[in-house]
Amino acid sequence: MNEKTTSPAVIDELVTGLNLLARNLWWTWNQDAQDIFHELSPRGWQNLYHNAVAILHEVSDYELRVRLMDGDFARRVRMVLEQFEAYLAERRTWASEHAPGFRQHPVAYFSAEFGFHETLPIAAGGLGVLAGDHAKSASDLGLGFVGISLFYREGYFMQEINGDNWQTEYFSLLNPRNLPLEPVLDARGEPVITTVKIATAVVAFRAWRVNVGRVPVYLLDANLPDNEPHYRDLTARVYGGDSTTRIMQEILLGVGGVRLLRKLGISPSVFHMNEGHAAFLTLELVREKVAQGQGLKEAMAATREECLFTTHTPVAAGHDRFTSDLVHYAGNKFLSQLKLSHEELMGLGRIDPADAQEPFCMTVLALKLSRAANAVSELHGEVSREMWKPLYAARKGGARTASAAAVPIGHITNGVHVLGWMKGTVRRYWRNRLGSGWDKDVNQAEFWARLADPGFISDEELWSLRYLLRRELLEFTRRRLLLQGHRVTQKDFIAFDHLLNPDALTIGFARRFATYKRAPLVFQHFEQIVKLAHDRQRPIQFVYAGKAHPRDDEGKRFIQHIIHLSKYSELKGHLVFIENYDIHVARQMVSGCDVWLNNPRRPLEASGTSGMKALLHGCLNLSILDGWWREAYDGRNGFAIGVDDHPDSVEEQDRRDSENLYRVLTEEVIPCFYNRDAQGIPRQWLGKIRHAMAGLVPRFSTWRMLQQYTQEYYLPRKPAE
Ligand SMILES: *Cc1c(COP(=O)(O)O)cnc(C)c1O
């Protein structure tokens, strides 16, 4: 198309194409597509929080057509749409060669949360972000895949810090019309309605479809006028309410999810439970088989062959447990169809079925009714086998003996979706460097191996990119702090412009404020840290963010403490807390910080993934040897706090770790960062960045992770013909 203006017929086509593009999350990992929406309304892009669907509402149909009359803009839109269509139509994918059977009978992946993008806040943290990345990579690999979750119309809570520096929570209502969601409709154009019996009611639900590239994720929504108000609110909030709400949400997710798939004519060959929340799906699969005339034992055995389970936490409170009364109240109407007595049913969720005191544990149910299970890092595999060995204890002469080695829980270490997490600045860098189509082999080891070659990318170029990313974080932080300031004065405006030092070693810490993650650990050496922050030659500074669980007062005290330090201590100006941590804040921080700090109490961090996102941007990890970092650290690709071991006593561990953290910081991190040559370049630091990016990015991606799931877990059962 060479002409300067566009014909009306072509404009029609492009408008339709843009509307489809905005409703497929593929655009979130394609920079050219993202640039188009940004360009349509740069201010709207910021104010609407990068929401492509909302941008198309903001720009009138008439404006869009007029803008497309510009031949150059129309040409670029068309190029993006061609890329998009080619992606959707691609037949020669990894899965078409290695796992073609799933096309007919997909992997059904159930997760109580999915984190795809900041505009769809239906995840609480790492578990959901991992699920979102899992789906994106399933799409990239061409795997037959369908996701199931709930549509939480109030999403996950937003964080606001009050005058006492105390976290408060509020919710905002999501409007499906403004989101990349499509209603699931029947042939007559009416919403598909499905039902599940929960407690005393028949709960009806509808579904929304999220298009994640080539794969669909269905979100169940109980907010229907026919439901009693109590049940309408079942899907209001991510993990909302008490354990009654929780078990009801989980019945809806597991049982409702299977029923929706049946209604849509989808027959999965594998049901993958991402954490125990979805484990009721196993009981629905058993019920189906019993209803078709199979015996209970046979039905359970057949169900076990279809199911897989991933466990995500070694923290005891992270495993849902429900009392016998609650299981009876919430589940009896559904469960009575299973031809199981209540005690037999309870036994499925107990380590010792005969122990009437033991509550019903979703993890136990999932383990008992899966053909295979896995943890999410090597160390987490060891910990999980130890943790669940009583479940596999063999009865020998009355005594139960257990050995961790006999526990059938393997591990697949988590990853991140590389393109999805890469900041626009870095994607644009690669595009300029390598030309369009650069992102085709971003998951290959060869792509990253080039980082090791100073002939390909010079130290100067790399350092310059690092400076740009730090600058962007700084400006993002100043803007956000201004917005989150309550009563901001003229003086504050000036002060915020001096917040943080663009040349200082910037240390980032952002994650859920669960207490085992020990957010304030580094400030235990407060006086010394203040000295380091104020050092004229070699200053350091800190950027913090994170949400505490609404009922976790200890976590909220950590937040309060850190904000207090940032406002009233000698760290003022050298320490900031960014409110309302989410995927967007995460992307800014993992890219702009020089060092990504992670200091959990070992071995409670099952994997951790934010440090992998840091890698993509040349931010180095400084972490306890827990979760993924224990596998990744090789002595040259970042920094380790402590050794590959930990004492039993929590007090002793905290003391040692804070000592070690301070020592690594002062003896390794700071000297390395500030060791500059005659040109002012930190060659040794950049060497670490090169080594980390070249070696670790391809290993800790969901591209690798999903291939491993497919080959080690999904495939062994031959997809039904
Ligand atoms: C990546 C991510 C997490 C998980 O990070 P961890 O290192 O596992 O704590 C949590 N929340 C958000 C918003 C994320 O992007």
# chains A, B, ... in the order shown; residues from 1 in each chain; ligands from 1

$ select_by_dssp --residues "stretch 396-614 of chain A" --states "strand (DSSP E or B)" --output "ChimeraX atom specification"
/A:396,399-401,409-411,416,505-510,540-545,572,575-578,595-598

$ write_last_selection --atoms "N, CA, C and O atoms" --output "mmCIF file, in the first residue's frame"
data_model
loop_
_atom_site.group_PDB
_atom_site.id
_atom_site.type_symbol
_atom_site.label_atom_id
_atom_site.label_comp_id
_atom_site.auth_asym_id
_atom_site.auth_seq_id
_atom_site.Cartn_x
_atom_site.Cartn_y
_atom_site.Cartn_z
ATOM 1 N N LYS A 396 3.347 -50.861 58.426
ATOM 2 C CA LYS A 396 4.102 -52.111 58.592
ATOM 3 C C LYS A 396 3.934 -52.570 60.024
ATOM 4 O O LYS A 396 4.406 -51.912 60.945
ATOM 5 N N ALA A 399 2.788 -50.019 62.733
ATOM 6 C CA ALA A 399 3.463 -48.717 62.787
ATOM 7 C C ALA A 399 3.533 -48.130 61.375
ATOM 8 O O ALA A 399 3.690 -48.851 60.399
ATOM 9 N N ARG A 400 3.410 -46.812 61.292
ATOM 10 C CA ARG A 400 3.503 -46.166 59.979
ATOM 11 C C ARG A 400 4.934 -45.675 59.792
ATOM 12 O O ARG A 400 5.441 -44.914 60.583
ATOM 13 N N THR A 401 5.548 -46.150 58.752
ATOM 14 C CA THR A 401 6.908 -45.674 58.502
ATOM 15 C C THR A 401 6.907 -44.863 57.214
ATOM 16 O O THR A 401 6.182 -45.164 56.282
ATOM 17 N N ILE A 409 6.470 -36.844 44.551
ATOM 18 C CA ILE A 409 6.346 -35.440 44.151
ATOM 19 C C ILE A 409 7.666 -35.035 43.498
ATOM 20 O O ILE A 409 8.712 -35.087 44.141
ATOM 21 N N GLY A 410 7.619 -34.685 42.240
ATOM 22 C CA GLY A 410 8.828 -34.256 41.536
ATOM 23 C C GLY A 410 8.945 -32.740 41.572
ATOM 24 O O GLY A 410 8.347 -32.090 42.433
ATOM 25 N N HIS A 411 9.717 -32.167 40.667
ATOM 26 C CA HIS A 411 9.730 -30.706 40.604
ATOM 27 C C HIS A 411 9.973 -30.222 39.180
ATOM 28 O O HIS A 411 10.656 -30.886 38.391
ATOM 29 N N VAL A 416 9.391 -17.360 33.798
ATOM 30 C CA VAL A 416 8.564 -16.195 33.454
ATOM 31 C C VAL A 416 8.427 -16.119 31.931
ATOM 32 O O VAL A 416 9.266 -16.644 31.200
ATOM 33 N N LEU A 505 23.535 3.323 43.528
ATOM 34 C CA LEU A 505 23.201 1.900 43.466
ATOM 35 C C LEU A 505 21.800 1.711 44.042
ATOM 36 O O LEU A 505 21.563 1.996 45.222
ATOM 37 N N THR A 506 20.884 1.253 43.209
ATOM 38 C CA THR A 506 19.472 1.196 43.595
ATOM 39 C C THR A 506 19.049 -0.241 43.866
ATOM 40 O O THR A 506 19.165 -1.108 42.995
ATOM 41 N N ILE A 507 18.579 -0.465 45.086
ATOM 42 C CA ILE A 507 18.221 -1.810 45.530
ATOM 43 C C ILE A 507 16.699 -1.909 45.614
ATOM 44 O O ILE A 507 16.062 -1.083 46.261
ATOM 45 N N GLY A 508 16.127 -2.901 44.956
ATOM 46 C CA GLY A 508 14.673 -3.047 44.934
ATOM 47 C C GLY A 508 14.214 -4.246 45.737
ATOM 48 O O GLY A 508 14.889 -5.283 45.774
ATOM 49 N N PHE A 509 13.071 -4.068 46.380
ATOM 50 C CA PHE A 509 12.435 -5.168 47.111
ATOM 51 C C PHE A 509 10.938 -5.015 46.911
ATOM 52 O O PHE A 509 10.350 -4.017 47.338
ATOM 53 N N ALA A 510 10.292 -5.948 46.247
ATOM 54 C CA ALA A 510 8.846 -5.871 46.061
ATOM 55 C C ALA A 510 8.280 -7.269 45.994
ATOM 56 O O ALA A 510 8.699 -8.079 45.170
ATOM 57 N N ILE A 540 24.001 4.203 48.349
ATOM 58 C CA ILE A 540 22.982 3.211 47.973
ATOM 59 C C ILE A 540 21.609 3.772 48.321
ATOM 60 O O ILE A 540 21.491 4.691 49.134
ATOM 61 N N GLN A 541 20.569 3.246 47.686
ATOM 62 C CA GLN A 541 19.198 3.664 47.998
ATOM 63 C C GLN A 541 18.251 2.489 47.770
ATOM 64 O O GLN A 541 18.618 1.511 47.112
ATOM 65 N N PHE A 542 17.042 2.624 48.317
ATOM 66 C CA PHE A 542 16.100 1.503 48.313
ATOM 67 C C PHE A 542 14.725 1.896 47.768
ATOM 68 O O PHE A 542 14.203 2.945 48.132
ATOM 69 N N VAL A 543 14.173 1.026 46.931
ATOM 70 C CA VAL A 543 12.787 1.189 46.482
ATOM 71 C C VAL A 543 12.019 -0.051 46.936
ATOM 72 O O VAL A 543 12.397 -1.176 46.595
ATOM 73 N N TYR A 544 10.951 0.171 47.709
ATOM 74 C CA TYR A 544 10.142 -0.929 48.247
ATOM 75 C C TYR A 544 8.709 -0.853 47.734
ATOM 76 O O TYR A 544 8.206 0.239 47.456
ATOM 77 N N ALA A 545 8.073 -1.998 47.648
ATOM 78 C CA ALA A 545 6.636 -2.054 47.364
ATOM 79 C C ALA A 545 6.123 -3.418 47.801
ATOM 80 O O ALA A 545 6.897 -4.367 47.928
ATOM 81 N N LYS A 572 15.352 9.192 54.790
ATOM 82 C CA LYS A 572 14.440 9.982 53.965
ATOM 83 C C LYS A 572 15.151 10.451 52.686
ATOM 84 O O LYS A 572 16.258 10.964 52.737
ATOM 85 N N LEU A 575 15.112 6.144 50.611
ATOM 86 C CA LEU A 575 14.242 4.968 50.718
ATOM 87 C C LEU A 575 12.834 5.422 50.365
ATOM 88 O O LEU A 575 12.356 6.425 50.894
ATOM 89 N N VAL A 576 12.187 4.708 49.449
ATOM 90 C CA VAL A 576 10.799 5.049 49.123
ATOM 91 C C VAL A 576 9.958 3.781 49.143
ATOM 92 O O VAL A 576 10.457 2.668 48.915
ATOM 93 N N PHE A 577 8.670 3.970 49.418
ATOM 94 C CA PHE A 577 7.713 2.868 49.354
ATOM 95 C C PHE A 577 6.660 3.242 48.317
ATOM 96 O O PHE A 577 5.989 4.267 48.457
ATOM 97 N N ILE A 578 6.545 2.453 47.265
ATOM 98 C CA ILE A 578 5.536 2.707 46.231
ATOM 99 C C ILE A 578 4.268 1.931 46.594
ATOM 100 O O ILE A 578 4.325 0.725 46.802
ATOM 101 N N VAL A 595 19.876 -3.875 41.727
ATOM 102 C CA VAL A 595 19.962 -5.098 42.507
ATOM 103 C C VAL A 595 18.561 -5.474 42.980
ATOM 104 O O VAL A 595 17.796 -4.612 43.422
ATOM 105 N N TRP A 596 18.227 -6.746 42.861
ATOM 106 C CA TRP A 596 16.921 -7.242 43.303
ATOM 107 C C TRP A 596 17.126 -8.068 44.568
ATOM 108 O O TRP A 596 17.773 -9.114 44.526
ATOM 109 N N LEU A 597 16.606 -7.533 45.678
ATOM 110 C CA LEU A 597 16.849 -8.149 46.983
ATOM 111 C C LEU A 597 15.753 -9.140 47.332
ATOM 112 O O LEU A 597 14.572 -8.844 47.203
ATOM 113 N N ASN A 598 16.168 -10.316 47.779
ATOM 114 C CA ASN A 598 15.199 -11.334 48.203
ATOM 115 C C ASN A 598 15.766 -12.041 49.417
ATOM 116 O O ASN A 598 16.785 -12.713 49.316
#

$ closest_atom_pairs --of "chain A" --to "ligand 1" --cutoff "8 Å" --atoms "only C-alpha atoms and all ligand atoms" --output "tab-separated table"
residue	atom	partner	partner_atom_place_in_ligand_line	distance
A:Gly115	CA	ligand 1	13 (C)	7.9
A:Ala124	CA	ligand 1	11 (N)	7.0
A:Gly125	CA	ligand 1	11 (N)	3.9
A:Gly126	CA	ligand 1	4 (C)	3.4
A:Leu127	CA	ligand 1	4 (C)	7.2
A:Val129	CA	ligand 1	2 (C)	6.0
A:Leu130	CA	ligand 1	1 (C)	7.6
A:Ala510	CA	ligand 1	9 (O)	7.1
A:Arg511	CA	ligand 1	9 (O)	4.4
A:Arg512	CA	ligand 1	9 (O)	6.2
A:Gly546	CA	ligand 1	11 (N)	7.9
A:Tyr581	CA	ligand 1	13 (C)	6.1
A:Asp582	CA	ligand 1	13 (C)	4.0
A:Ile583	CA	ligand 1	13 (C)	4.1
A:His584	CA	ligand 1	13 (C)	7.5
A:Val585	CA	ligand 1	13 (C)	7.4
A:Ala586	CA	ligand 1	15 (O)	5.1
A:Arg587	CA	ligand 1	15 (O)	7.1
A:Asn598	CA	ligand 1	7 (O)	7.6
A:Glu605	CA	ligand 1	8 (O)	7.7
A:Ser607	CA	ligand 1	8 (O)	6.6
A:Gly608	CA	ligand 1	8 (O)	3.3
A:Thr609	CA	ligand 1	7 (O)	4.3
A:Ser610	CA	ligand 1	7 (O)	3.7
A:Gly611	CA	ligand 1	7 (O)	5.9
A:Lys613	CA	ligand 1	1 (C)	7.2

$ closest_atom_pairs --of "stretch 548-627 of chain A" --to "stretch 513-535 of chain A" --cutoff "8 Å" --atoms "only C-alpha atoms" --output "Markdown table"
| residue | atom | partner | partner_atom | distance |
| --- | --- | --- | --- | --- |
| A:Ala548 | CA | A:Phe513 | CA | 4.6 |
| A:His549 | CA | A:Phe513 | CA | 7.4 |
| A:Asp552 | CA | A:Ala514 | CA | 7.9 |
| A:Glu554 | CA | A:Thr515 | CA | 6.9 |
| A:Gly555 | CA | A:Phe513 | CA | 5.3 |
| A:Lys556 | CA | A:Phe513 | CA | 7.5 |
| A:Phe558 | CA | A:Pro520 | CA | 6.5 |
| A:Ile559 | CA | A:Phe513 | CA | 7.6 |
| A:His561 | CA | A:Pro520 | CA | 7.9 |
| A:Ile562 | CA | A:Pro520 | CA | 6.8 |
| A:Glu570 | CA | A:Val530 | CA | 6.5 |
| A:Leu571 | CA | A:Val530 | CA | 6.1 |
| A:His574 | CA | A:Ala533 | CA | 6.5 |
| A:Asn598 | CA | A:Lys517 | CA | 7.6 |
| A:Asn599 | CA | A:Lys517 | CA | 6.1 |
| A:Pro600 | CA | A:Lys517 | CA | 4.0 |
| A:Arg601 | CA | A:Tyr516 | CA | 5.4 |
| A:Leu604 | CA | A:Tyr516 | CA | 7.1 |
| A:Glu605 | CA | A:Lys517 | CA | 7.8 |

$ select_by_dssp --residues "stretch 400-497 of chain A" --states "alpha helix (DSSP H)" --output "PyMOL selection string"
chain A and resi 418-421+424-434+445-449+459-484+490-496

$ residues_around --residues "A:Ile624" --least-positions-apart "5" --cutoff "10 Å" --atoms "only C-alpha atoms" --output "PyMOL selection string"
chain A and resi 597-603+605+629-630+639-645+657+660-661

$ residues_around --residues "A:Asn30" --least-positions-apart "2" --cutoff "9 Å" --atoms "only C-alpha atoms" --output "list in words"
Trp26, Trp27, Thr28, Asp32, Ala33, Gln34, Asp35, Val80, Leu419, Gly420, Arg427 and Asp439 of chain A

$ write_last_selection --atoms "N, CA and C atoms" --output "PDB file, in the first residue's frame"
ATOM      1  N   TRP A  26      -2.430 -10.968  23.258  1.00  0.00           N
ATOM      2  CA  TRP A  26      -1.199 -11.045  22.463  1.00  0.00           C
ATOM      3  C   TRP A  26      -0.551  -9.663  22.362  1.00  0.00           C
ATOM      4  N   TRP A  27      -1.363  -8.613  22.257  1.00  0.00           N
ATOM      5  CA  TRP A  27      -0.785  -7.279  22.096  1.00  0.00           C
ATOM      6  C   TRP A  27       0.100  -6.902  23.277  1.00  0.00           C
ATOM      7  N   THR A  28      -0.163  -7.497  24.457  1.00  0.00           N
ATOM      8  CA  THR A  28       0.638  -7.112  25.624  1.00  0.00           C
ATOM      9  C   THR A  28       2.082  -7.602  25.509  1.00  0.00           C
ATOM     10  N   ASP A  32       5.131  -3.637  18.785  1.00  0.00           N
ATOM     11  CA  ASP A  32       4.538  -2.848  17.696  1.00  0.00           C
ATOM     12  C   ASP A  32       3.044  -2.628  17.959  1.00  0.00           C
ATOM     13  N   ALA A  33       2.387  -3.660  18.433  1.00  0.00           N
ATOM     14  CA  ALA A  33       0.953  -3.550  18.720  1.00  0.00           C
ATOM     15  C   ALA A  33       0.719  -2.559  19.855  1.00  0.00           C
ATOM     16  N   GLN A  34       1.531  -2.677  20.893  1.00  0.00           N
ATOM     17  CA  GLN A  34       1.404  -1.780  22.045  1.00  0.00           C
ATOM     18  C   GLN A  34       1.611  -0.329  21.623  1.00  0.00           C
ATOM     19  N   ASP A  35       2.589  -0.109  20.748  1.00  0.00           N
ATOM     20  CA  ASP A  35       2.883   1.257  20.289  1.00  0.00           C
ATOM     21  C   ASP A  35       1.684   1.883  19.566  1.00  0.00           C
ATOM     22  N   VAL A  80       1.030  -4.718  11.880  1.00  0.00           N
ATOM     23  CA  VAL A  80       0.784  -5.377  13.172  1.00  0.00           C
ATOM     24  C   VAL A  80      -0.313  -6.429  13.030  1.00  0.00           C
ATOM     25  N   LEU A 419       8.854 -12.302  26.827  1.00  0.00           N
ATOM     26  CA  LEU A 419       8.400 -11.089  26.122  1.00  0.00           C
ATOM     27  C   LEU A 419       7.389 -10.308  26.938  1.00  0.00           C
ATOM     28  N   GLY A 420       6.537 -11.038  27.662  1.00  0.00           N
ATOM     29  CA  GLY A 420       5.515 -10.373  28.460  1.00  0.00           C
ATOM     30  C   GLY A 420       6.112  -9.524  29.565  1.00  0.00           C
ATOM     31  N   ARG A 427      12.435  -3.875  24.846  1.00  0.00           N
ATOM     32  CA  ARG A 427      11.958  -4.437  23.575  1.00  0.00           C
ATOM     33  C   ARG A 427      12.330  -3.498  22.427  1.00  0.00           C
ATOM     34  N   ASP A 439      11.910 -10.568  17.796  1.00  0.00           N
ATOM     35  CA  ASP A 439      11.410 -11.319  18.950  1.00  0.00           C
ATOM     36  C   ASP A 439      11.116 -12.787  18.657  1.00  0.00           C
TER      37      ASP A 439
END

$ residues_around --residues "A:Leu253" --least-positions-apart "2" --cutoff "7 Å" --atoms "only C-alpha atoms" --output "NGL selection string"
:A and (149-150 or 249-251 or 255-257 or 278)

$ residues_around --residues "A:Pro8" --least-positions-apart "4" --cutoff "9 Å" --atoms "only C-alpha atoms" --output "ChimeraX atom specification"
/A:12-13,65,69

$ closest_residue --among "A:Glu113, A:Glu160, A:Glu154, A:Asp72" --to "A:Asn580" --atoms "only C-alpha atoms"
A:Glu160

$ closest_residue --among "A:Gln560, A:Thr413, A:Asn51, A:Gln588" --to "A:Leu706" --atoms "only C-alpha atoms"
A:Thr413

$ atom_distance --atom1 "atom CA of A:Ser139" --atom2 "atom CA of A:Tyr109"
12.9 Å

$ closest_residue --among "A:Thr702, A:Ser377, A:Ser60, A:Thr303" --to "A:Val418" --atoms "only C-alpha atoms"
A:Thr702

$ closest_residue --among "A:Asp233, A:Asp242, A:Asp140, A:Asp226" --to "A:Gly213" --atoms "only C-alpha atoms"
A:Asp140

$ residues_around --residues "A:Gly132" --least-positions-apart "6" --cutoff "9 Å" --atoms "only C-alpha atoms" --output "VMD selection string"
chain A and resid 113 to 117 212 417

$ write_last_selection --atoms "N, CA, C and O atoms" --output "short mmCIF file (atom, residue, chain, number, x, y, z; two decimals), in the first residue's frame"
data_model
loop_
_atom_site.label_atom_id
_atom_site.label_comp_id
_atom_site.auth_asym_id
_atom_site.auth_seq_id
_atom_site.Cartn_x
_atom_site.Cartn_y
_atom_site.Cartn_z
N GLU A 113 -6.40 -17.98 40.40
CA GLU A 113 -6.02 -16.64 39.96
C GLU A 113 -5.16 -16.70 38.69
O GLU A 113 -4.44 -17.68 38.47
N PHE A 114 -5.29 -15.67 37.88
CA PHE A 114 -4.45 -15.51 36.69
C PHE A 114 -3.99 -14.06 36.63
O PHE A 114 -4.80 -13.14 36.65
N GLY A 115 -2.70 -13.84 36.56
CA GLY A 115 -2.17 -12.48 36.39
C GLY A 115 -1.67 -12.33 34.96
O GLY A 115 -0.64 -12.90 34.60
N PHE A 116 -2.42 -11.58 34.15
CA PHE A 116 -2.02 -11.39 32.75
C PHE A 116 -1.42 -10.02 32.51
O PHE A 116 -0.45 -9.86 31.80
N HIS A 117 -2.08 -9.03 33.10
CA HIS A 117 -1.75 -7.64 32.77
C HIS A 117 -2.38 -6.76 33.83
O HIS A 117 -3.37 -7.15 34.46
N VAL A 212 -5.92 -15.39 25.10
CA VAL A 212 -4.49 -15.24 25.39
C VAL A 212 -3.75 -15.79 24.18
O VAL A 212 -3.41 -16.97 24.13
N HIS A 417 7.36 -15.48 31.48
CA HIS A 417 7.14 -15.29 30.05
C HIS A 417 8.01 -14.10 29.61
O HIS A 417 7.76 -12.96 30.00
#

$ atom_distance --atom1 "atom CA of A:Ser464" --atom2 "atom CA of A:Arg663"
28.6 Å

$ decode --residues "stretch 384-391 of chain A" --atoms "all heavy atoms" --output "short mmCIF file (atom, residue, chain, number, x, y, z; two decimals), in the first residue's frame"
data_model
loop_
_atom_site.label_atom_id
_atom_site.label_comp_id
_atom_site.auth_asym_id
_atom_site.auth_seq_id
_atom_site.Cartn_x
_atom_site.Cartn_y
_atom_site.Cartn_z
N SER A 384 8.84 -30.48 49.99
CA SER A 384 7.48 -31.03 49.83
C SER A 384 7.45 -32.53 50.10
O SER A 384 6.51 -33.03 50.70
CB SER A 384 6.95 -30.77 48.42
OG SER A 384 6.88 -29.39 48.18
N ARG A 385 8.47 -33.22 49.65
CA ARG A 385 8.49 -34.66 49.90
C ARG A 385 8.57 -34.94 51.40
O ARG A 385 7.90 -35.82 51.92
CB ARG A 385 9.66 -35.32 49.15
CG ARG A 385 9.39 -35.46 47.65
CD ARG A 385 10.45 -36.28 46.93
NE ARG A 385 11.73 -35.61 46.81
CZ ARG A 385 12.03 -34.70 45.88
NH1 ARG A 385 11.12 -34.35 44.98
NH2 ARG A 385 13.22 -34.14 45.84
N GLU A 386 9.37 -34.13 52.08
CA GLU A 386 9.49 -34.27 53.53
C GLU A 386 8.14 -33.95 54.19
O GLU A 386 7.67 -34.66 55.07
CB GLU A 386 10.58 -33.30 54.02
CG GLU A 386 11.01 -33.45 55.45
CD GLU A 386 11.59 -34.83 55.75
OE1 GLU A 386 12.28 -35.41 54.88
OE2 GLU A 386 11.34 -35.32 56.88
N MET A 387 7.53 -32.88 53.71
CA MET A 387 6.29 -32.38 54.31
C MET A 387 5.14 -33.38 54.16
O MET A 387 4.32 -33.54 55.05
CB MET A 387 5.94 -31.08 53.58
CG MET A 387 4.76 -30.35 54.09
SD MET A 387 4.77 -28.70 53.30
CE MET A 387 3.21 -28.11 53.91
N TRP A 388 5.07 -34.05 53.01
CA TRP A 388 3.92 -34.91 52.74
C TRP A 388 4.20 -36.39 52.94
O TRP A 388 3.39 -37.23 52.59
CB TRP A 388 3.38 -34.64 51.33
CG TRP A 388 2.81 -33.27 51.25
CD1 TRP A 388 3.33 -32.20 50.60
CD2 TRP A 388 1.62 -32.79 51.90
NE1 TRP A 388 2.56 -31.08 50.81
CE2 TRP A 388 1.50 -31.42 51.60
CE3 TRP A 388 0.65 -33.39 52.73
CZ2 TRP A 388 0.46 -30.63 52.09
CZ3 TRP A 388 -0.39 -32.60 53.21
CH2 TRP A 388 -0.48 -31.25 52.88
N LYS A 389 5.35 -36.71 53.53
CA LYS A 389 5.65 -38.15 53.63
C LYS A 389 4.66 -38.91 54.53
O LYS A 389 4.41 -40.08 54.26
CB LYS A 389 7.11 -38.39 54.02
CG LYS A 389 7.51 -38.05 55.39
CD LYS A 389 9.00 -38.26 55.59
CE LYS A 389 9.35 -37.93 57.03
NZ LYS A 389 10.78 -37.89 57.27
N PRO A 390 4.06 -38.27 55.55
CA PRO A 390 3.07 -39.05 56.33
C PRO A 390 1.94 -39.58 55.46
O PRO A 390 1.36 -40.64 55.74
CB PRO A 390 2.54 -38.03 57.35
CG PRO A 390 3.61 -37.00 57.47
CD PRO A 390 4.24 -36.92 56.11
N LEU A 391 1.64 -38.87 54.39
CA LEU A 391 0.54 -39.30 53.51
C LEU A 391 0.88 -40.60 52.79
O LEU A 391 0.00 -41.36 52.42
CB LEU A 391 0.27 -38.18 52.49
CG LEU A 391 -0.89 -38.34 51.52
CD1 LEU A 391 -2.20 -38.55 52.27
CD2 LEU A 391 -0.99 -37.12 50.62
#
